[in-house]
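Source file: entry-v4.cif; contents: mmCIF, C-alpha atoms.
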data_model
loop_
_atom_site.label_atom_id
_atom_site.label_comp_id
_atom_site.auth_asym_id
_atom_site.auth_seq_id
_atom_site.Cartn_x
_atom_site.Cartn_y
_atom_site.Cartn_z
CA MET O 1 -20.15 -7.55 26.05
CA THR O 2 -16.80 -6.52 24.58
CA ASP O 3 -13.77 -6.77 26.85
CA THR O 4 -12.16 -3.47 27.65
CA ALA O 5 -9.19 -3.25 25.31
CA PRO O 6 -5.76 -2.95 26.96
CA LYS O 7 -3.43 -0.04 26.20
CA PRO O 8 -2.59 0.01 22.47
CA ILE O 9 0.99 -0.52 21.24
CA ASP O 10 3.04 0.72 18.27
CA SER O 11 2.08 -1.74 15.51
CA ARG O 12 5.62 -1.63 14.06
CA GLY O 13 6.94 -3.47 17.15
CA PRO O 14 5.24 -6.81 16.36
CA ARG O 15 6.33 -6.46 12.71
CA TRP O 16 9.97 -6.27 13.80
CA VAL O 17 9.47 -9.17 16.18
CA GLY O 18 8.00 -11.13 13.24
CA GLY O 19 10.93 -10.20 10.99
CA VAL O 20 13.58 -11.35 13.47
CA THR O 21 11.53 -14.50 14.16
CA PHE O 22 11.49 -15.19 10.41
CA VAL O 23 15.30 -14.92 10.15
CA LEU O 24 15.84 -17.22 13.15
CA ALA O 25 13.27 -19.73 11.88
CA VAL O 26 14.91 -19.83 8.43
CA ALA O 27 18.29 -20.45 10.11
CA THR O 28 16.77 -23.24 12.24
CA LEU O 29 15.21 -24.88 9.20
CA LEU O 30 18.41 -24.74 7.17
CA ILE O 31 20.57 -26.13 9.99
CA ALA O 32 18.04 -28.88 10.77
CA LEU O 33 18.01 -29.98 7.12
CA LEU O 34 21.82 -30.05 6.95
CA ILE O 35 22.53 -32.02 10.12
CA PRO O 36 21.41 -35.65 10.49
CA LEU O 37 19.39 -36.58 13.57
CA GLU O 38 21.64 -37.66 16.46
CA ASP O 39 21.23 -41.13 17.98
CA THR O 40 21.26 -40.15 21.64
CA LEU O 41 18.94 -37.88 23.61
CA LEU O 42 21.90 -35.81 24.83
CA GLY O 43 23.23 -35.51 21.30
CA ARG O 44 19.84 -34.31 20.04
CA ILE O 45 19.43 -31.77 22.86
CA LEU O 46 22.92 -30.37 22.26
CA SER O 47 22.52 -30.28 18.48
CA PRO O 48 22.74 -26.80 16.88
CA GLU O 49 19.21 -26.98 15.39
CA PHE O 50 17.75 -27.76 18.82
CA LEU O 51 19.66 -24.88 20.42
CA VAL O 52 18.63 -22.33 17.77
CA LEU O 53 14.98 -23.39 18.09
CA LEU O 54 15.39 -23.18 21.87
CA VAL O 55 16.39 -19.51 21.46
CA LEU O 56 13.16 -18.93 19.48
CA TRP O 57 11.18 -20.82 22.11
CA VAL O 58 12.60 -18.59 24.89
CA LEU O 59 11.67 -15.46 22.86
CA PHE O 60 8.12 -16.73 22.26
CA THR O 61 7.74 -17.74 25.92
CA VAL O 62 8.86 -14.33 27.22
CA GLY O 63 6.51 -12.57 24.75
CA THR O 64 3.55 -14.82 25.51
CA VAL O 65 3.92 -14.72 29.29
CA GLY O 66 5.20 -11.15 29.74
CA GLY O 67 3.38 -9.52 26.82
CA ASN O 68 4.55 -8.02 23.52
CA ARG O 69 6.56 -5.25 25.16
CA ALA O 70 8.59 -7.76 27.22
CA HIS O 71 9.77 -9.61 24.09
CA PRO O 72 13.55 -8.98 23.82
CA VAL O 73 13.23 -7.97 20.15
CA ALA O 74 10.49 -5.49 21.09
CA ILE O 75 12.80 -4.01 23.75
CA LEU O 76 15.58 -3.65 21.16
CA PHE O 77 13.04 -2.11 18.77
CA ARG O 78 12.09 0.52 21.35
CA LEU O 79 15.73 1.29 22.18
CA LEU O 80 17.28 1.29 18.71
CA VAL O 81 14.67 1.57 15.97
CA GLN O 82 11.66 3.47 17.31
CA PRO O 83 13.58 6.69 18.17
CA ARG O 84 14.72 6.91 14.54
CA LEU O 85 11.25 6.29 13.12
CA GLY O 86 9.36 8.96 15.00
CA LYS O 87 5.80 8.77 16.15
CA PRO O 88 3.83 5.68 15.14
CA ALA O 89 1.19 6.22 12.46
CA GLU O 90 -0.85 3.40 13.87
CA LEU O 91 -1.48 1.93 17.28
CA GLU O 92 -2.90 -1.52 17.72
CA ASP O 93 -4.54 -3.72 20.29
CA PRO O 94 -1.79 -5.84 21.93
CA ARG O 95 -3.94 -8.97 22.13
CA PRO O 96 -3.70 -10.14 18.49
CA PRO O 97 0.13 -10.06 18.27
CA ARG O 98 0.39 -11.67 21.70
CA PHE O 99 -1.93 -14.42 20.50
CA ALA O 100 0.41 -14.92 17.51
CA LEU O 101 3.36 -15.24 19.92
CA GLY O 102 1.36 -17.92 21.75
CA ILE O 103 0.98 -19.84 18.49
CA GLY O 104 4.75 -19.57 18.01
CA PHE O 105 5.26 -20.84 21.55
CA ALA O 106 3.02 -23.86 20.86
CA LEU O 107 4.73 -24.70 17.54
CA THR O 108 8.27 -24.43 18.93
CA THR O 109 7.34 -26.47 22.02
CA ILE O 110 6.05 -29.27 19.78
CA GLY O 111 9.18 -29.04 17.60
CA LEU O 112 11.54 -29.29 20.58
CA VAL O 113 9.66 -32.21 22.14
CA LEU O 114 9.51 -34.15 18.85
CA HIS O 115 13.19 -33.54 18.17
CA ALA O 116 14.26 -34.58 21.68
CA SER O 117 12.13 -37.73 21.27
CA GLY O 118 14.01 -38.54 18.08
CA VAL O 119 11.13 -37.99 15.65
CA LEU O 120 12.61 -37.50 12.18
CA TYR O 121 11.60 -34.13 10.64
CA GLY O 122 9.58 -33.15 13.74
CA LEU O 123 11.72 -30.06 14.24
CA VAL O 124 11.90 -29.38 10.49
CA VAL O 125 8.09 -29.26 10.17
CA ALA O 126 7.72 -27.02 13.25
CA ALA O 127 10.43 -24.65 11.98
CA ALA O 128 8.83 -24.57 8.49
CA LEU O 129 5.46 -23.60 10.01
CA VAL O 130 7.12 -20.81 12.02
CA VAL O 131 8.87 -19.62 8.81
CA ILE O 132 5.54 -19.43 6.97
CA ALA O 133 3.59 -17.81 9.83
CA SER O 134 6.27 -15.21 10.62
CA PHE O 135 6.72 -14.35 6.93
CA LEU O 136 3.00 -13.70 6.55
CA GLN O 137 2.84 -11.71 9.79
CA ALA O 138 5.96 -9.60 9.20
CA PHE O 139 5.82 -8.95 5.45
CA ALA O 140 2.18 -9.37 4.36
CA GLY O 141 0.36 -7.87 7.34
CA TYR O 142 -1.39 -11.17 7.97
CA CYS O 143 -3.01 -11.61 11.37
CA LEU O 144 -2.88 -15.13 12.79
CA GLY O 145 -5.43 -14.36 15.50
CA CYS O 146 -8.00 -13.39 12.85
CA GLN O 147 -8.30 -16.97 11.66
CA VAL O 148 -6.55 -19.32 14.05
CA TYR O 149 -8.40 -18.14 17.16
CA LEU O 150 -11.79 -18.97 15.68
CA LEU O 151 -10.56 -22.33 14.38
CA LEU O 152 -9.15 -23.28 17.79
CA VAL O 153 -12.27 -22.17 19.69
CA ARG O 154 -14.59 -23.82 17.19
CA GLY O 155 -12.56 -27.01 17.37
CA GLY O 156 -12.75 -26.92 21.18
CA LEU O 157 -8.94 -26.75 21.49
CA ILE O 158 -9.10 -23.56 23.51
CA ARG O 159 -12.02 -22.39 25.58
CA PRO O 160 -13.19 -18.83 25.93
CA LYS O 161 -12.56 -17.61 29.46
CA THR O 162 -16.08 -16.56 30.38
CA PRO O 163 -19.12 -18.82 30.15
CA LEU O 164 -21.40 -18.42 27.17
CA LEU O 165 -24.02 -15.76 27.61
CA ALA O 166 -27.23 -16.02 25.66
CA MET M 1 21.00 -33.64 3.22
CA ASN M 2 23.57 -31.86 1.10
CA VAL M 3 23.96 -28.10 1.21
CA TRP M 4 22.17 -27.34 -2.06
CA ALA M 5 19.21 -29.59 -1.28
CA ALA M 6 18.85 -27.96 2.15
CA ILE M 7 18.99 -24.47 0.64
CA GLY M 8 16.49 -25.56 -2.01
CA VAL M 9 13.97 -26.91 0.52
CA THR M 10 14.33 -23.80 2.70
CA ALA M 11 13.86 -21.51 -0.29
CA GLY M 12 10.83 -23.60 -1.29
CA ILE M 13 9.21 -23.06 2.11
CA VAL M 14 9.83 -19.30 1.89
CA ALA M 15 8.40 -19.30 -1.66
CA LEU M 16 5.32 -21.16 -0.39
CA ALA M 17 4.86 -18.45 2.26
CA ALA M 18 5.12 -15.79 -0.45
CA VAL M 19 2.52 -17.57 -2.61
CA LEU M 20 0.18 -17.83 0.41
CA ALA M 21 0.66 -14.10 1.03
CA VAL M 22 -0.27 -13.26 -2.57
CA VAL M 23 -3.33 -15.55 -2.51
CA TRP M 24 -4.44 -14.14 0.83
CA ARG M 25 -4.11 -10.56 -0.40
CA ALA M 26 -5.99 -11.33 -3.63
CA THR M 27 -8.95 -13.06 -1.97
CA ASN M 28 -9.24 -11.14 1.28
CA GLY M 29 -12.02 -8.58 1.66
CA ARG M 30 -14.01 -9.58 -1.41
CA ALA M 31 -17.79 -9.64 -1.35
CA ARG M 32 -19.50 -12.94 -2.08
CA SER M 33 -23.20 -13.09 -2.96
CA VAL M 34 -25.25 -15.43 -0.84
CA ASP M 35 -27.99 -17.46 -2.47
CA ALA M 36 -29.18 -19.39 0.56
CA ASP M 37 -32.26 -17.86 2.09
CA ARG M 38 -31.23 -16.64 5.52
CA THR M 39 -33.07 -13.84 7.22
CA PHE M 40 -32.11 -12.04 10.41
CA THR M 41 -34.73 -10.43 12.58
CA PRO M 42 -34.04 -7.81 15.26
CA GLY M 43 -32.85 -9.64 18.37
CA SER M 44 -31.58 -12.69 16.47
CA LEU M 45 -27.97 -11.59 17.05
CA PRO M 46 -26.50 -9.82 20.10
CA GLY M 47 -26.56 -6.09 19.34
CA LEU M 48 -28.91 -6.37 16.35
CA ASP M 49 -31.69 -4.23 17.78
CA GLY M 50 -33.24 -3.18 14.49
CA LEU M 51 -32.81 -3.20 10.73
CA ALA M 52 -31.95 -0.13 8.68
CA PRO M 53 -34.19 0.50 5.64
CA GLY M 54 -31.29 0.33 3.15
CA ALA M 55 -28.80 -2.17 4.53
CA THR M 56 -27.42 -3.41 7.83
CA LEU M 57 -23.71 -4.26 8.02
CA VAL M 58 -23.16 -6.97 10.62
CA GLN M 59 -19.48 -7.25 11.54
CA PHE M 60 -18.17 -10.29 13.42
CA SER M 61 -15.03 -9.63 15.49
CA THR M 62 -12.88 -11.15 18.22
CA ALA M 63 -10.40 -9.70 20.69
CA TYR M 64 -7.53 -11.41 18.80
CA CYS M 65 -8.23 -9.76 15.48
CA SER M 66 -5.90 -6.91 14.54
CA ASN M 67 -7.93 -5.84 11.50
CA CYS M 68 -11.23 -5.59 13.37
CA PRO M 69 -10.86 -2.11 14.94
CA ALA M 70 -10.02 -0.51 11.57
CA THR M 71 -12.93 -2.35 9.94
CA ARG M 72 -15.20 -1.11 12.74
CA ARG M 73 -14.16 2.51 12.04
CA PHE M 74 -14.52 2.03 8.29
CA LEU M 75 -17.99 0.48 8.44
CA SER M 76 -19.36 3.01 10.90
CA ARG M 77 -18.07 5.79 8.60
CA VAL M 78 -19.80 4.12 5.63
CA ALA M 79 -22.99 3.88 7.70
CA ASP M 80 -22.71 7.57 8.63
CA GLU M 81 -22.06 8.64 5.03
CA ARG M 82 -24.95 6.76 3.49
CA GLY M 83 -28.47 7.26 4.65
CA GLY M 84 -30.38 4.16 5.63
CA VAL M 85 -27.32 2.04 6.43
CA ALA M 86 -26.56 0.77 9.92
CA HIS M 87 -23.49 -0.98 11.37
CA VAL M 88 -23.53 -3.59 14.14
CA ASP M 89 -20.49 -5.29 15.69
CA VAL M 90 -20.87 -8.81 17.11
CA ASP M 91 -18.06 -10.04 19.38
CA LEU M 92 -17.41 -13.75 18.80
CA THR M 93 -14.59 -14.02 21.36
CA HIS M 94 -16.87 -15.86 23.78
CA ARG M 95 -19.42 -17.05 21.22
CA PRO M 96 -17.93 -19.93 19.17
CA ASP M 97 -21.52 -21.22 18.84
CA LEU M 98 -22.36 -18.24 16.59
CA ALA M 99 -19.18 -18.76 14.53
CA LYS M 100 -20.20 -22.39 14.01
CA ARG M 101 -23.79 -21.60 13.17
CA PHE M 102 -22.86 -19.12 10.45
CA GLY M 103 -19.74 -20.92 9.19
CA ILE M 104 -17.43 -18.04 10.11
CA LEU M 105 -13.77 -19.00 9.70
CA GLN M 106 -12.11 -15.61 10.08
CA THR M 107 -12.57 -12.17 11.56
CA PRO M 108 -13.57 -9.65 10.53
CA THR M 109 -16.40 -11.23 8.56
CA VAL M 110 -19.14 -8.89 7.41
CA PHE M 111 -22.72 -9.88 6.57
CA VAL M 112 -24.65 -7.40 4.42
CA LEU M 113 -28.38 -7.60 5.18
CA ASP M 114 -30.98 -5.90 3.03
CA GLY M 115 -33.84 -3.84 4.45
CA ALA M 116 -35.86 -6.98 5.14
CA GLY M 117 -32.97 -8.62 7.03
CA ARG M 118 -32.09 -11.04 4.21
CA LEU M 119 -28.41 -11.98 4.00
CA VAL M 120 -27.40 -10.87 0.50
CA SER M 121 -23.61 -10.81 0.69
CA ARG M 122 -20.77 -11.85 2.97
CA ILE M 123 -17.25 -10.49 3.08
CA GLY M 124 -14.36 -12.43 4.65
CA GLY M 125 -11.54 -10.21 5.91
CA ALA M 126 -11.30 -6.42 5.97
CA PRO M 127 -13.83 -5.30 3.31
CA ARG M 128 -12.60 -3.48 0.20
CA ARG M 129 -14.33 -0.16 -0.22
CA ASP M 130 -15.21 -0.65 -3.92
CA GLU M 131 -16.70 -4.11 -3.31
CA LEU M 132 -18.77 -2.95 -0.37
CA VAL M 133 -19.97 0.15 -2.22
CA ALA M 134 -21.02 -2.01 -5.20
CA VAL M 135 -23.09 -4.25 -2.92
CA LEU M 136 -24.72 -1.27 -1.22
CA ASP M 137 -25.41 0.45 -4.54
CA ARG M 138 -27.22 -2.62 -5.82
CA LEU M 139 -29.35 -2.74 -2.68
CA ASP M 140 -30.09 0.92 -2.36
CA PRO M 141 -28.94 3.27 -5.13
CA LEU M 142 -27.58 6.52 -3.72
CA PRO M 143 -30.08 9.39 -3.88
CA GLU M 144 -29.13 12.23 -6.26
CA TRP M 145 -28.20 14.74 -3.58
CA SER M 146 -25.49 12.64 -2.02
CA ILE M 147 -23.48 12.03 -5.19
#
Would you mind writing the file out in structure tokens?
Amino acid sequence: MTDTAPKPIDSRGPRWVGGVTFVLAVATLLIALLIPLEDTLLGRILSPEFLVLLVLWVLFTVGTVGGNRAHPVAILFRLLVQPRLGKPAELEDPRPPRFALGIGFALTTIGLVLHASGVLYGLVVAAALVVIASFLQAFAGYCLGCQVYLLLVRGGLIRPKTPLLA
Amino acid sequence: MNVWAAIGVTAGIVALAAVLAVVWRATNGRARSVDADRTFTPGSLPGLDGLAPGATLVQFSTAYCSNCPATRRFLSRVADERGGVAHVDVDLTHRPDLAKRFGILQTPTVFVLDGAGRLVSRIGGAPRRDELVAVLDRLDPLPEWSI
């Protein structure tokens, strides 16, 4: 019934990823609030807020597609931070943090598309949601997959991979 | 937007996140008594093969839940420590129908069933030890020798 769990990872890795995500999302939000929306598509795509959010989008995409350990911040964590911390006290299933990266990917994609389309505050709202989610994940130990997965499956927005078994 | 307004709005969003974190921490893992009459019989849930005489702890989990494995270890330890208590884990990853039927919005969610299979309490989030122990004590006071 239960899927076989993949190899567990050091649970401090996703926390660091969340922390760096939080800093970048705060920067995106601040810049987006300061700079008025450009009139042309090219102007909007080359605007600093779009480019900073694009960096976040690339990070989320790499983490979602390649897995937690492929996330550039996770690689830096393993190279620079983990050796100084010693052995992890806790290992965790990689699926929940990867699910959270997928949520980040979805939010930033929506933000970029809305901003490019010239929707006022589209990018601001997306960045604010990433700020809130990454804060909770990095500093409060909140797990997005614990609630959002059920809501999305119950709402029919994502479908479980295998057919329902009675 | 001018610099101070932008800083103010950004700080407001971060403050909102902090408030949500505090609320989440304060409410998570608390036991809630259930008044509605809902009884589970063996076989009514996947993995629920029988009912323990004292209490049965039914845990609902998914593959995307980082707090579920620790809750699983905790509840099976509680079941081992106390006589007459059993622990069952129900995987909702592929069963949104069950989540809908029982109004489950987060994982882990724990249903505490009494010896007759009646749902007496539900706990959303990783259960707090003191809350769970209080529920179990009300159902089935610990025998002298185990104190």
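Atom pair atom CA of Ala15 of chain M / atom CA of Gly18 of chain O has a distance of 17.0 Å (rounded to one decimal).
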Requested in this report: Extract, using all atoms listed in the file, all DNA, RNA and protein residues at most 10 Å from Val148 of chain O, discarding same-chain residues fewer than 6 positions from it, and format them as a ChimeraX atom specification.
Outcome: /O:99-100,103,154 /M:64-65,105-107
Take the residues from that selection and put them in a file with C-alpha atoms, as a PDB file, in the frame of the given file.
ATOM      1  CA  PHE O  99      -1.930 -14.420  20.500  1.00  0.00           C
ATOM      2  CA  ALA O 100       0.410 -14.920  17.510  1.00  0.00           C
ATOM      3  CA  ILE O 103       0.980 -19.840  18.490  1.00  0.00           C
ATOM      4  CA  ARG O 154     -14.590 -23.820  17.190  1.00  0.00           C
TER       5      ARG O 154
ATOM      6  CA  TYR M  64      -7.530 -11.410  18.800  1.00  0.00           C
ATOM      7  CA  CYS M  65      -8.230  -9.760  15.480  1.00  0.00           C
ATOM      8  CA  LEU M 105     -13.770 -19.000   9.700  1.00  0.00           C
ATOM      9  CA  GLN M 106     -12.110 -15.610  10.080  1.00  0.00           C
ATOM     10  CA  THR M 107     -12.570 -12.170  11.560  1.00  0.00           C
TER      11      THR M 107
END
Query - Atomic separation - atom CA of Lys100 of chain M relative to atom CA of Gly155 of chain O, Å - result: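 Answer for the atom CA of Gly155 of chain O to atom CA of Lys100 of chain M separation: 9.5 Å.
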Requested in this report: Compile the contact shell of His87 of chain M as a PyMOL selection string: residues with an atom at most 12 Å away, counting only C-alpha atoms, same-chain residues fewer than 5 positions apart removed.
Outcome: chain M and resi 47-52+54-60+71-82+110-113
Using only C-alpha atoms, which residues of chain O come within 9 Å of chain M, and what is the closest atom pair for each, with the distance in Å to one decimal? Give it as JSON lines, sorted by chain and residue number.
{"residue": "O:Met1", "atom": "CA", "partner": "M:Asp91", "partner_atom": "CA", "distance": 7.4}
{"residue": "O:Thr2", "atom": "CA", "partner": "M:Asp91", "partner_atom": "CA", "distance": 6.4}
{"residue": "O:Asp3", "atom": "CA", "partner": "M:Ala63", "partner_atom": "CA", "distance": 7.6}
{"residue": "O:Ala5", "atom": "CA", "partner": "M:Ala63", "partner_atom": "CA", "distance": 8.0}
{"residue": "O:Val26", "atom": "CA", "partner": "M:Thr10", "partner_atom": "CA", "distance": 7.0}
{"residue": "O:Leu29", "atom": "CA", "partner": "M:Thr10", "partner_atom": "CA", "distance": 6.6}
{"residue": "O:Leu30", "atom": "CA", "partner": "M:Ala6", "partner_atom": "CA", "distance": 6.0}
{"residue": "O:Ile31", "atom": "CA", "partner": "M:Ala6", "partner_atom": "CA", "distance": 8.2}
{"residue": "O:Ala32", "atom": "CA", "partner": "M:Ala6", "partner_atom": "CA", "distance": 8.7}
{"residue": "O:Leu33", "atom": "CA", "partner": "M:Ala6", "partner_atom": "CA", "distance": 5.4}
{"residue": "O:Leu34", "atom": "CA", "partner": "M:Met1", "partner_atom": "CA", "distance": 5.2}
{"residue": "O:Ile35", "atom": "CA", "partner": "M:Met1", "partner_atom": "CA", "distance": 7.3}
{"residue": "O:Pro36", "atom": "CA", "partner": "M:Met1", "partner_atom": "CA", "distance": 7.6}
{"residue": "O:Glu92", "atom": "CA", "partner": "M:Ser66", "partner_atom": "CA", "distance": 6.9}
{"residue": "O:Asp93", "atom": "CA", "partner": "M:Ser66", "partner_atom": "CA", "distance": 6.7}
{"residue": "O:Pro94", "atom": "CA", "partner": "M:Ser66", "partner_atom": "CA", "distance": 8.5}
{"residue": "O:Arg95", "atom": "CA", "partner": "M:Tyr64", "partner_atom": "CA", "distance": 5.5}
{"residue": "O:Pro96", "atom": "CA", "partner": "M:Tyr64", "partner_atom": "CA", "distance": 4.0}
{"residue": "O:Pro97", "atom": "CA", "partner": "M:Ser66", "partner_atom": "CA", "distance": 7.8}
{"residue": "O:Arg98", "atom": "CA", "partner": "M:Tyr64", "partner_atom": "CA", "distance": 8.4}
{"residue": "O:Phe99", "atom": "CA", "partner": "M:Tyr64", "partner_atom": "CA", "distance": 6.6}
{"residue": "O:Ala100", "atom": "CA", "partner": "M:Tyr64", "partner_atom": "CA", "distance": 8.8}
{"residue": "O:Ala128", "atom": "CA", "partner": "M:Ile13", "partner_atom": "CA", "distance": 6.6}
{"residue": "O:Leu129", "atom": "CA", "partner": "M:Ile13", "partner_atom": "CA", "distance": 8.8}
{"residue": "O:Val131", "atom": "CA", "partner": "M:Val14", "partner_atom": "CA", "distance": 7.0}
{"residue": "O:Ile132", "atom": "CA", "partner": "M:Ala17", "partner_atom": "CA", "distance": 4.9}
{"residue": "O:Ala133", "atom": "CA", "partner": "M:Ala17", "partner_atom": "CA", "distance": 7.7}
{"residue": "O:Phe135", "atom": "CA", "partner": "M:Ala17", "partner_atom": "CA", "distance": 6.5}
{"residue": "O:Leu136", "atom": "CA", "partner": "M:Ala21", "partner_atom": "CA", "distance": 6.0}
{"residue": "O:Phe139", "atom": "CA", "partner": "M:Ala21", "partner_atom": "CA", "distance": 8.5}
{"residue": "O:Ala140", "atom": "CA", "partner": "M:Ala21", "partner_atom": "CA", "distance": 6.0}
{"residue": "O:Gly141", "atom": "CA", "partner": "M:Ala21", "partner_atom": "CA", "distance": 8.9}
{"residue": "O:Tyr142", "atom": "CA", "partner": "M:Ala21", "partner_atom": "CA", "distance": 7.8}
{"residue": "O:Cys143", "atom": "CA", "partner": "M:Ser66", "partner_atom": "CA", "distance": 6.4}
{"residue": "O:Leu144", "atom": "CA", "partner": "M:Cys65", "partner_atom": "CA", "distance": 8.0}
{"residue": "O:Gly145", "atom": "CA", "partner": "M:Tyr64", "partner_atom": "CA", "distance": 4.9}
{"residue": "O:Cys146", "atom": "CA", "partner": "M:Cys65", "partner_atom": "CA", "distance": 4.5}
{"residue": "O:Gln147", "atom": "CA", "partner": "M:Gln106", "partner_atom": "CA", "distance": 4.3}
{"residue": "O:Val148", "atom": "CA", "partner": "M:Gln106", "partner_atom": "CA", "distance": 7.8}
{"residue": "O:Tyr149", "atom": "CA", "partner": "M:Tyr64", "partner_atom": "CA", "distance": 7.0}
{"residue": "O:Leu150", "atom": "CA", "partner": "M:Leu105", "partner_atom": "CA", "distance": 6.3}
{"residue": "O:Leu151", "atom": "CA", "partner": "M:Leu105", "partner_atom": "CA", "distance": 6.6}
{"residue": "O:Val153", "atom": "CA", "partner": "M:Pro96", "partner_atom": "CA", "distance": 6.1}
{"residue": "O:Arg154", "atom": "CA", "partner": "M:Pro96", "partner_atom": "CA", "distance": 5.5}
{"residue": "O:Gly156", "atom": "CA", "partner": "M:Pro96", "partner_atom": "CA", "distance": 8.9}
{"residue": "O:Arg159", "atom": "CA", "partner": "M:His94", "partner_atom": "CA", "distance": 8.3}
{"residue": "O:Pro160", "atom": "CA", "partner": "M:His94", "partner_atom": "CA", "distance": 5.2}
{"residue": "O:Lys161", "atom": "CA", "partner": "M:His94", "partner_atom": "CA", "distance": 7.3}
{"residue": "O:Thr162", "atom": "CA", "partner": "M:His94", "partner_atom": "CA", "distance": 6.7}
{"residue": "O:Pro163", "atom": "CA", "partner": "M:His94", "partner_atom": "CA", "distance": 7.4}
{"residue": "O:Leu164", "atom": "CA", "partner": "M:His94", "partner_atom": "CA", "distance": 6.2}
{"residue": "O:Leu165", "atom": "CA", "partner": "M:Arg95", "partner_atom": "CA", "distance": 8.0}
{"residue": "O:Ala166", "atom": "CA", "partner": "M:Pro46", "partner_atom": "CA", "distance": 8.4}
Applied to this file, what does the PyMOL selection byres ((chain O and resi 77) around 12) return in terms of residues, put as a PDB file with C-alpha atoms, in the frame of the given file?
ATOM      1  CA  ASP O  10       3.040   0.720  18.270  1.00  0.00           C
ATOM      2  CA  SER O  11       2.080  -1.740  15.510  1.00  0.00           C
ATOM      3  CA  ARG O  12       5.620  -1.630  14.060  1.00  0.00           C
ATOM      4  CA  GLY O  13       6.940  -3.470  17.150  1.00  0.00           C
ATOM      5  CA  PRO O  14       5.240  -6.810  16.360  1.00  0.00           C
ATOM      6  CA  ARG O  15       6.330  -6.460  12.710  1.00  0.00           C
ATOM      7  CA  TRP O  16       9.970  -6.270  13.800  1.00  0.00           C
ATOM      8  CA  VAL O  17       9.470  -9.170  16.180  1.00  0.00           C
ATOM      9  CA  GLY O  18       8.000 -11.130  13.240  1.00  0.00           C
ATOM     10  CA  GLY O  19      10.930 -10.200  10.990  1.00  0.00           C
ATOM     11  CA  VAL O  20      13.580 -11.350  13.470  1.00  0.00           C
ATOM     12  CA  ASN O  68       4.550  -8.020  23.520  1.00  0.00           C
ATOM     13  CA  ARG O  69       6.560  -5.250  25.160  1.00  0.00           C
ATOM     14  CA  ALA O  70       8.590  -7.760  27.220  1.00  0.00           C
ATOM     15  CA  HIS O  71       9.770  -9.610  24.090  1.00  0.00           C
ATOM     16  CA  PRO O  72      13.550  -8.980  23.820  1.00  0.00           C
ATOM     17  CA  VAL O  73      13.230  -7.970  20.150  1.00  0.00           C
ATOM     18  CA  ALA O  74      10.490  -5.490  21.090  1.00  0.00           C
ATOM     19  CA  ILE O  75      12.800  -4.010  23.750  1.00  0.00           C
ATOM     20  CA  LEU O  76      15.580  -3.650  21.160  1.00  0.00           C
ATOM     21  CA  ARG O  78      12.090   0.520  21.350  1.00  0.00           C
ATOM     22  CA  LEU O  79      15.730   1.290  22.180  1.00  0.00           C
ATOM     23  CA  LEU O  80      17.280   1.290  18.710  1.00  0.00           C
ATOM     24  CA  VAL O  81      14.670   1.570  15.970  1.00  0.00           C
ATOM     25  CA  GLN O  82      11.660   3.470  17.310  1.00  0.00           C
ATOM     26  CA  PRO O  83      13.580   6.690  18.170  1.00  0.00           C
ATOM     27  CA  ARG O  84      14.720   6.910  14.540  1.00  0.00           C
ATOM     28  CA  LEU O  85      11.250   6.290  13.120  1.00  0.00           C
TER      29      LEU O  85
END
Requested in this report: Determine the nearest neighbour of Gly124 of chain M from the options M:Phe102, M:Gly12, M:Val23, M:Gly29, counting all atoms listed in the file.
Outcome: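 With all atoms listed in the file as the atom set, the closest residue is M:Gly29.
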Thr28 of chain O surroundings by all atoms listed in the file, 8 Å radius, close-in-sequence under 4 positions cut, as a PDB file with C-alpha atoms, keeping the file's coordinate frame:
ATOM      1  CA  LEU O  24      15.840 -17.220  13.150  1.00  0.00           C
ATOM      2  CA  ALA O  32      18.040 -28.880  10.770  1.00  0.00           C
ATOM      3  CA  GLU O  49      19.210 -26.980  15.390  1.00  0.00           C
ATOM      4  CA  VAL O  52      18.630 -22.330  17.770  1.00  0.00           C
ATOM      5  CA  LEU O  53      14.980 -23.390  18.090  1.00  0.00           C
ATOM      6  CA  ALA O 127      10.430 -24.650  11.980  1.00  0.00           C
TER       7      ALA O 127
END
Query raised in the report: Between atom CA of Arg122 of chain M and atom CA of Glu90 of chain O, what is the distance, to one decimal in Å?
Result: 27.4 Å
Please complete segment 57-63 of chain M so it has N, CA and C atoms, and hand it over as a compact mmCIF listing (two decimals), in the frame of the given file.
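For reference, part.txt as written:
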# COMPACT_ATOMS: atom_id res chain seq x y z
N LEU M 57 -25.01 -3.60 8.11
CA LEU M 57 -23.71 -4.26 8.02
C LEU M 57 -23.42 -4.92 9.36
N VAL M 58 -23.43 -6.25 9.38
CA VAL M 58 -23.16 -6.97 10.62
C VAL M 58 -21.71 -7.45 10.59
N GLN M 59 -20.90 -6.88 11.48
CA GLN M 59 -19.48 -7.25 11.54
C GLN M 59 -19.26 -8.24 12.67
N PHE M 60 -18.55 -9.33 12.39
CA PHE M 60 -18.17 -10.29 13.42
C PHE M 60 -16.70 -10.09 13.76
N SER M 61 -16.39 -9.93 15.04
CA SER M 61 -15.03 -9.63 15.49
C SER M 61 -14.64 -10.55 16.64
N THR M 62 -13.33 -10.57 16.96
CA THR M 62 -12.88 -11.15 18.22
C THR M 62 -11.81 -10.23 18.80
N ALA M 63 -11.42 -10.52 20.03
CA ALA M 63 -10.40 -9.70 20.69
C ALA M 63 -9.02 -9.95 20.08
